[in-house]
Structure formats: structure tokens, C-alpha cells
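Comments concern the structure below.
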Amino acid sequence: ADVARPGFDLGTRGEAKPPRDVGGGASGQRNRNRGACGSFCFLLFVPTLLFVFVYQRFPMSTLILLGLLALSSVSPLGSPRGSELAAVLLGGFILSSANGLHCYYSHALPVFFLRTGRSYSNVSPQAPAVAFSDASMVRFAENVQVEDSKALGMTSLDGGINTFCVGPLVD
């Protein structure tokens, strides 16, 4: 007589077959963990990339997309231990968004201003500086030189502690 072993199903011919996995069990848990890991990695990199590369041209679309991503980070709330996973995903999303904003304002925006700013050439040192306040590049006339004996270092606290070399220009 065939005796069924626990955890095995006897087929039509009496051979023992392992039970089918219907989404639960170890392999189902592994798939859910892979999905959570993929979501976490996705939520860590996408906001930063959106702020750096897309936000300048499409600010409202970027913010709407980031809002949808924030909502998707709390989607695991319905599953067991979902509140912990949702908290980690939302925390990672917030940190990534903060990093993206920092990268945008520290790196991408200054480069944008340098690319799109005005350029002046053949500028005389006697010209008022206010006339070139929108300049991203100033090229002085051929005969202009820096008077080295009066040059000094200037420390600025705007945007962090920066030291600039300044000196009068003479022609």
C-alpha cells in the first residue's frame, strides 16, 4: 500500500510529487524580497537622476513623477511586515530626493548658468563692473594685466567658505 509522506502529494500513478508552490513558501518570499530590493534600488537612484537631468527643462513633470514614486514607496503597507518595508522605501526616497536637490543646486544649475550666460570680450578695466553683472565669461582687452603687487586673497561666505584671488587690472 502506498503511504503518503507528509508534504508530498501522491499522483495518479502513486509516485510522490513535491507540493506546488502557489505564491507562498520560500520561493515566493524570495521573489518578494527581490522585488523589494529592486524597488529600493530604483527609489534610491531615480530621484537623483531626475533632479540632475530632467528638472531644469520639465520641473512640474518631474515633481509629479516624484510624487507618484513617493506614493509607490508606501505600496507595501498591505502586506505582512509592509509598514517596515514602506518606512525604509520612503526614507530612502526622501534621502535620494534630498541628494538630487543638492546635486541640482550645487552642480547642474551653475553649469546651466555658465552655458547660457552672456559672454563679453575686449572689456576695458575702466568699464563699470555693474555693466557686466550678468556675465558668465569676461575677456579683457589684449593689453590688460593684473597688478601683482596689490593682489590679495578674499574670503567669501556665500555658498560656503571660498577664497578668491583678487587684484586690480591695469592697461
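Scheme for the C-alpha cells: letters A, B, ... for chains in order shown; per-chain residue numbers from 1; ligand numbers from 1 in order shown.
Omitting Ala70 in chain A and its sequence neighbours fewer than 3 positions away, and counting only C-alpha atoms, the residues within 12 Å are Ser39, Phe40, Phe42, Leu43, Leu44, Val46, Pro47, Leu63, Ile64, Leu65, Leu66, Gly67, Ser73, Val74, Ser75, Ala86, Ala87, Val88, Leu89, Leu90, Gly91, Gly92, Phe93, Ile94, Leu95, Ser96 and Ser97 of chain A.
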Output N, CA, C and O atoms for every residue in the selection just made, as a compact mmCIF listing (two decimals), in the first residue's frame.
```txt
# COMPACT_ATOMS: atom_id res chain seq x y z
N SER A 39 12.92 47.61 -5.89
CA SER A 39 12.21 48.86 -5.64
C SER A 39 13.08 49.82 -4.85
O SER A 39 13.12 51.01 -5.12
N PHE A 40 13.79 49.29 -3.86
CA PHE A 40 14.64 50.15 -3.03
C PHE A 40 15.75 50.77 -3.88
O PHE A 40 16.00 51.97 -3.80
N PHE A 42 15.75 51.20 -7.11
CA PHE A 42 15.10 52.12 -8.06
C PHE A 42 14.79 53.44 -7.38
O PHE A 42 15.07 54.51 -7.93
N LEU A 43 14.24 53.39 -6.17
CA LEU A 43 13.87 54.61 -5.45
C LEU A 43 15.08 55.38 -4.95
O LEU A 43 14.97 56.55 -4.63
N LEU A 44 16.24 54.74 -4.86
CA LEU A 44 17.44 55.45 -4.43
C LEU A 44 18.07 56.25 -5.56
O LEU A 44 18.62 57.32 -5.32
N VAL A 46 16.63 56.95 -8.94
CA VAL A 46 15.79 57.69 -9.88
C VAL A 46 15.56 59.14 -9.46
O VAL A 46 15.69 60.04 -10.29
N PRO A 47 15.22 59.45 -8.20
CA PRO A 47 15.02 60.86 -7.87
C PRO A 47 16.26 61.72 -8.11
O PRO A 47 16.15 62.85 -8.63
N LEU A 63 8.25 66.91 -10.70
CA LEU A 63 7.65 66.87 -9.37
C LEU A 63 6.45 65.92 -9.32
O LEU A 63 6.25 65.22 -8.32
N ILE A 64 5.66 65.88 -10.38
CA ILE A 64 4.53 64.94 -10.42
C ILE A 64 5.03 63.50 -10.41
O ILE A 64 4.53 62.65 -9.67
N LEU A 65 6.05 63.22 -11.21
CA LEU A 65 6.63 61.87 -11.25
C LEU A 65 7.22 61.49 -9.89
O LEU A 65 7.05 60.36 -9.43
N LEU A 66 7.88 62.43 -9.24
CA LEU A 66 8.43 62.14 -7.92
C LEU A 66 7.33 61.90 -6.89
O LEU A 66 7.47 61.07 -6.00
N GLY A 67 6.21 62.62 -7.01
CA GLY A 67 5.08 62.37 -6.13
C GLY A 67 4.52 60.97 -6.32
O GLY A 67 4.18 60.27 -5.36
N SER A 73 6.23 54.12 -3.04
CA SER A 73 7.12 53.62 -1.98
C SER A 73 6.34 53.16 -0.75
O SER A 73 6.86 52.40 0.05
N VAL A 74 5.09 53.62 -0.61
CA VAL A 74 4.29 53.18 0.53
C VAL A 74 3.33 52.06 0.14
O VAL A 74 2.49 51.66 0.93
N SER A 75 3.44 51.54 -1.07
CA SER A 75 2.54 50.48 -1.54
C SER A 75 2.64 49.17 -0.75
O SER A 75 1.67 48.44 -0.69
N ALA A 86 7.76 49.77 3.89
CA ALA A 86 7.31 51.07 3.39
C ALA A 86 8.11 52.20 4.03
O ALA A 86 8.47 53.18 3.37
N ALA A 87 8.40 52.07 5.32
CA ALA A 87 9.18 53.11 6.00
C ALA A 87 10.60 53.19 5.43
O ALA A 87 11.12 54.29 5.21
N VAL A 88 11.20 52.04 5.16
CA VAL A 88 12.56 52.03 4.59
C VAL A 88 12.54 52.60 3.17
O VAL A 88 13.40 53.41 2.80
N LEU A 89 11.54 52.20 2.37
CA LEU A 89 11.46 52.72 1.00
C LEU A 89 11.21 54.22 0.99
O LEU A 89 11.84 54.95 0.23
N LEU A 90 10.30 54.69 1.83
CA LEU A 90 10.01 56.12 1.87
C LEU A 90 11.21 56.90 2.39
O LEU A 90 11.53 57.97 1.86
N GLY A 91 11.90 56.37 3.40
CA GLY A 91 13.10 57.04 3.90
C GLY A 91 14.19 57.12 2.84
O GLY A 91 14.82 58.16 2.66
N GLY A 92 14.39 56.03 2.11
CA GLY A 92 15.38 56.04 1.02
C GLY A 92 14.99 57.02 -0.08
O GLY A 92 15.83 57.72 -0.63
N PHE A 93 13.70 57.07 -0.38
CA PHE A 93 13.21 58.01 -1.40
C PHE A 93 13.45 59.45 -0.98
O PHE A 93 13.91 60.27 -1.76
N ILE A 94 13.17 59.77 0.29
CA ILE A 94 13.36 61.13 0.78
C ILE A 94 14.84 61.50 0.76
O ILE A 94 15.21 62.60 0.33
N LEU A 95 15.70 60.59 1.20
CA LEU A 95 17.14 60.87 1.18
C LEU A 95 17.65 61.04 -0.25
O LEU A 95 18.47 61.93 -0.53
N SER A 96 17.17 60.22 -1.16
CA SER A 96 17.59 60.33 -2.55
C SER A 96 17.10 61.63 -3.17
O SER A 96 17.81 62.27 -3.94
N SER A 97 15.89 62.05 -2.83
CA SER A 97 15.38 63.32 -3.34
C SER A 97 16.18 64.49 -2.80
O SER A 97 16.50 65.43 -3.54
```
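Take the candidates A:Leu68, A:Ala98, A:Val130, A:Ala108 and check each one against Gln56 in chain A using only C-alpha atoms; the shortest distance goes to A:Ala108.
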>> With DSSP run on the backbone, what are the strand (DSSP E) residues within range 104-151 of chain A? I'd like them as a ChimeraX atom specification.
In response: /A:118-123,135-140,145-146
Keeping only N, CA, C and O atoms, write the selected residues as a PDB file, in the first residue's frame.
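Result file is part32.pdb:
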```pdb
ATOM      1  N   ARG A 118      25.798  85.353 -20.532  1.00  0.00           N
ATOM      2  CA  ARG A 118      26.374  86.199 -21.570  1.00  0.00           C
ATOM      3  C   ARG A 118      27.891  86.179 -21.491  1.00  0.00           C
ATOM      4  O   ARG A 118      28.477  85.986 -20.443  1.00  0.00           O
ATOM      5  N   SER A 119      28.516  86.401 -22.623  1.00  0.00           N
ATOM      6  CA  SER A 119      29.965  86.442 -22.722  1.00  0.00           C
ATOM      7  C   SER A 119      30.365  87.803 -23.279  1.00  0.00           C
ATOM      8  O   SER A 119      29.778  88.269 -24.268  1.00  0.00           O
ATOM      9  N   TYR A 120      31.315  88.443 -22.635  1.00  0.00           N
ATOM     10  CA  TYR A 120      31.801  89.746 -23.074  1.00  0.00           C
ATOM     11  C   TYR A 120      33.271  89.623 -23.430  1.00  0.00           C
ATOM     12  O   TYR A 120      34.036  88.964 -22.736  1.00  0.00           O
ATOM     13  N   SER A 121      33.678  90.283 -24.490  1.00  0.00           N
ATOM     14  CA  SER A 121      35.086  90.265 -24.881  1.00  0.00           C
ATOM     15  C   SER A 121      35.554  91.682 -25.165  1.00  0.00           C
ATOM     16  O   SER A 121      34.756  92.587 -25.403  1.00  0.00           O
ATOM     17  N   ASN A 122      36.886  91.844 -25.106  1.00  0.00           N
ATOM     18  CA  ASN A 122      37.541  93.132 -25.324  1.00  0.00           C
ATOM     19  C   ASN A 122      37.050  94.191 -24.332  1.00  0.00           C
ATOM     20  O   ASN A 122      36.749  95.317 -24.688  1.00  0.00           O
ATOM     21  N   VAL A 123      36.960  93.797 -23.051  1.00  0.00           N
ATOM     22  CA  VAL A 123      36.468  94.671 -21.993  1.00  0.00           C
ATOM     23  C   VAL A 123      37.632  95.484 -21.439  1.00  0.00           C
ATOM     24  O   VAL A 123      38.712  94.960 -21.178  1.00  0.00           O
ATOM     25  N   ALA A 135      27.310  88.469 -16.674  1.00  0.00           N
ATOM     26  CA  ALA A 135      28.314  87.747 -17.468  1.00  0.00           C
ATOM     27  C   ALA A 135      28.659  86.398 -16.836  1.00  0.00           C
ATOM     28  O   ALA A 135      28.753  86.262 -15.630  1.00  0.00           O
ATOM     29  N   SER A 136      28.837  85.401 -17.705  1.00  0.00           N
ATOM     30  CA  SER A 136      29.397  84.136 -17.242  1.00  0.00           C
ATOM     31  C   SER A 136      30.860  84.040 -17.662  1.00  0.00           C
ATOM     32  O   SER A 136      31.601  83.242 -17.114  1.00  0.00           O
ATOM     33  N   MET A 137      31.265  84.882 -18.641  1.00  0.00           N
ATOM     34  CA  MET A 137      32.663  84.939 -19.063  1.00  0.00           C
ATOM     35  C   MET A 137      32.996  86.361 -19.510  1.00  0.00           C
ATOM     36  O   MET A 137      32.236  86.978 -20.242  1.00  0.00           O
ATOM     37  N   VAL A 138      34.129  86.852 -19.014  1.00  0.00           N
ATOM     38  CA  VAL A 138      34.616  88.180 -19.398  1.00  0.00           C
ATOM     39  C   VAL A 138      36.037  88.031 -19.922  1.00  0.00           C
ATOM     40  O   VAL A 138      36.897  87.484 -19.240  1.00  0.00           O
ATOM     41  N   ARG A 139      36.277  88.508 -21.134  1.00  0.00           N
ATOM     42  CA  ARG A 139      37.623  88.520 -21.710  1.00  0.00           C
ATOM     43  C   ARG A 139      38.045  89.977 -21.832  1.00  0.00           C
ATOM     44  O   ARG A 139      37.350  90.792 -22.441  1.00  0.00           O
ATOM     45  N   PHE A 140      39.165  90.268 -21.240  1.00  0.00           N
ATOM     46  CA  PHE A 140      39.640  91.647 -21.247  1.00  0.00           C
ATOM     47  C   PHE A 140      40.445  91.931 -22.507  1.00  0.00           C
ATOM     48  O   PHE A 140      40.823  91.023 -23.254  1.00  0.00           O
ATOM     49  N   GLN A 145      46.595  93.741 -17.781  1.00  0.00           N
ATOM     50  CA  GLN A 145      47.382  92.846 -16.926  1.00  0.00           C
ATOM     51  C   GLN A 145      46.929  93.008 -15.481  1.00  0.00           C
ATOM     52  O   GLN A 145      46.371  94.040 -15.107  1.00  0.00           O
ATOM     53  N   VAL A 146      47.206  91.984 -14.675  1.00  0.00           N
ATOM     54  CA  VAL A 146      46.927  92.051 -13.241  1.00  0.00           C
ATOM     55  C   VAL A 146      48.131  92.677 -12.555  1.00  0.00           C
ATOM     56  O   VAL A 146      49.274  92.287 -12.801  1.00  0.00           O
TER      57      VAL A 146
END
```
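CA of Leu50 in chain A lies 23.3 Å from CA of Leu85 in chain A.
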>> Can you pull out the residues contacting Phe53 in chain A? Cut-off 12 Å, using only C-alpha atoms, and skip same-chain residues under 3 positions away; I want them as a PyMOL selection string.
In response: chain A and resi 46-50+56-59+62+100-101+103-105+107-109+111-112
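Interatomic distance, CA of Pro128 in chain A against CA of Asp158 in chain A: 22.7 Å.
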> To one decimal place, how far is CA of Asp134 in chain A from CA of Arg115 in chain A in Å?
Replying inline: 12.4 Å
>> as number ranges by chain, please: the residues near range 160-164 of chain A (cut-off 12 Å, only C-alpha atoms, same-chain neighbours under 6 positions excluded).
In response: A: 106, 151-154
Restrict the selected residues to all heavy atoms and save them as an mmCIF file, in the first residue's frame.
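Okay, this is what ended up in selection-v2.cif:
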```
data_model
loop_
_atom_site.group_PDB
_atom_site.id
_atom_site.type_symbol
_atom_site.label_atom_id
_atom_site.label_comp_id
_atom_site.auth_asym_id
_atom_site.auth_seq_id
_atom_site.Cartn_x
_atom_site.Cartn_y
_atom_site.Cartn_z
ATOM 1 N N SER A 106 23.888 72.460 -6.527
ATOM 2 C CA SER A 106 25.341 72.610 -6.375
ATOM 3 C C SER A 106 26.112 72.423 -7.672
ATOM 4 O O SER A 106 27.163 73.023 -7.854
ATOM 5 C CB SER A 106 25.870 71.598 -5.359
ATOM 6 O OG SER A 106 25.331 71.845 -4.103
ATOM 7 N N ALA A 151 47.721 92.384 -5.375
ATOM 8 C CA ALA A 151 46.811 91.236 -5.333
ATOM 9 C C ALA A 151 46.710 90.687 -3.917
ATOM 10 O O ALA A 151 47.649 90.774 -3.128
ATOM 11 C CB ALA A 151 47.303 90.145 -6.279
ATOM 12 N N LEU A 152 45.563 90.127 -3.558
ATOM 13 C CA LEU A 152 45.363 89.534 -2.239
ATOM 14 C C LEU A 152 44.282 88.466 -2.312
ATOM 15 O O LEU A 152 43.597 88.314 -3.316
ATOM 16 C CB LEU A 152 44.995 90.610 -1.202
ATOM 17 C CG LEU A 152 43.788 91.500 -1.511
ATOM 18 C CD1 LEU A 152 42.572 91.015 -0.764
ATOM 19 C CD2 LEU A 152 44.116 92.924 -1.099
ATOM 20 N N GLY A 153 44.132 87.722 -1.234
ATOM 21 C CA GLY A 153 43.104 86.681 -1.161
ATOM 22 C C GLY A 153 41.864 87.225 -0.477
ATOM 23 O O GLY A 153 41.950 87.896 0.544
ATOM 24 N N MET A 154 40.710 86.943 -1.023
ATOM 25 C CA MET A 154 39.447 87.391 -0.438
ATOM 26 C C MET A 154 38.639 86.147 -0.069
ATOM 27 O O MET A 154 38.473 85.235 -0.881
ATOM 28 C CB MET A 154 38.670 88.222 -1.453
ATOM 29 C CG MET A 154 37.330 88.694 -0.924
ATOM 30 S SD MET A 154 36.305 89.436 -2.192
ATOM 31 C CE MET A 154 35.489 87.994 -2.842
#
```
>> Among range 72-123 of chain A, which residues does DSSP mark as helix (DSSP H, G or I) when it is run on the backbone? Keep the chain and numbering as in the structure and answer as an MDAnalysis selection string.
In response: chainID A and resid 72:73 75:78 82:116
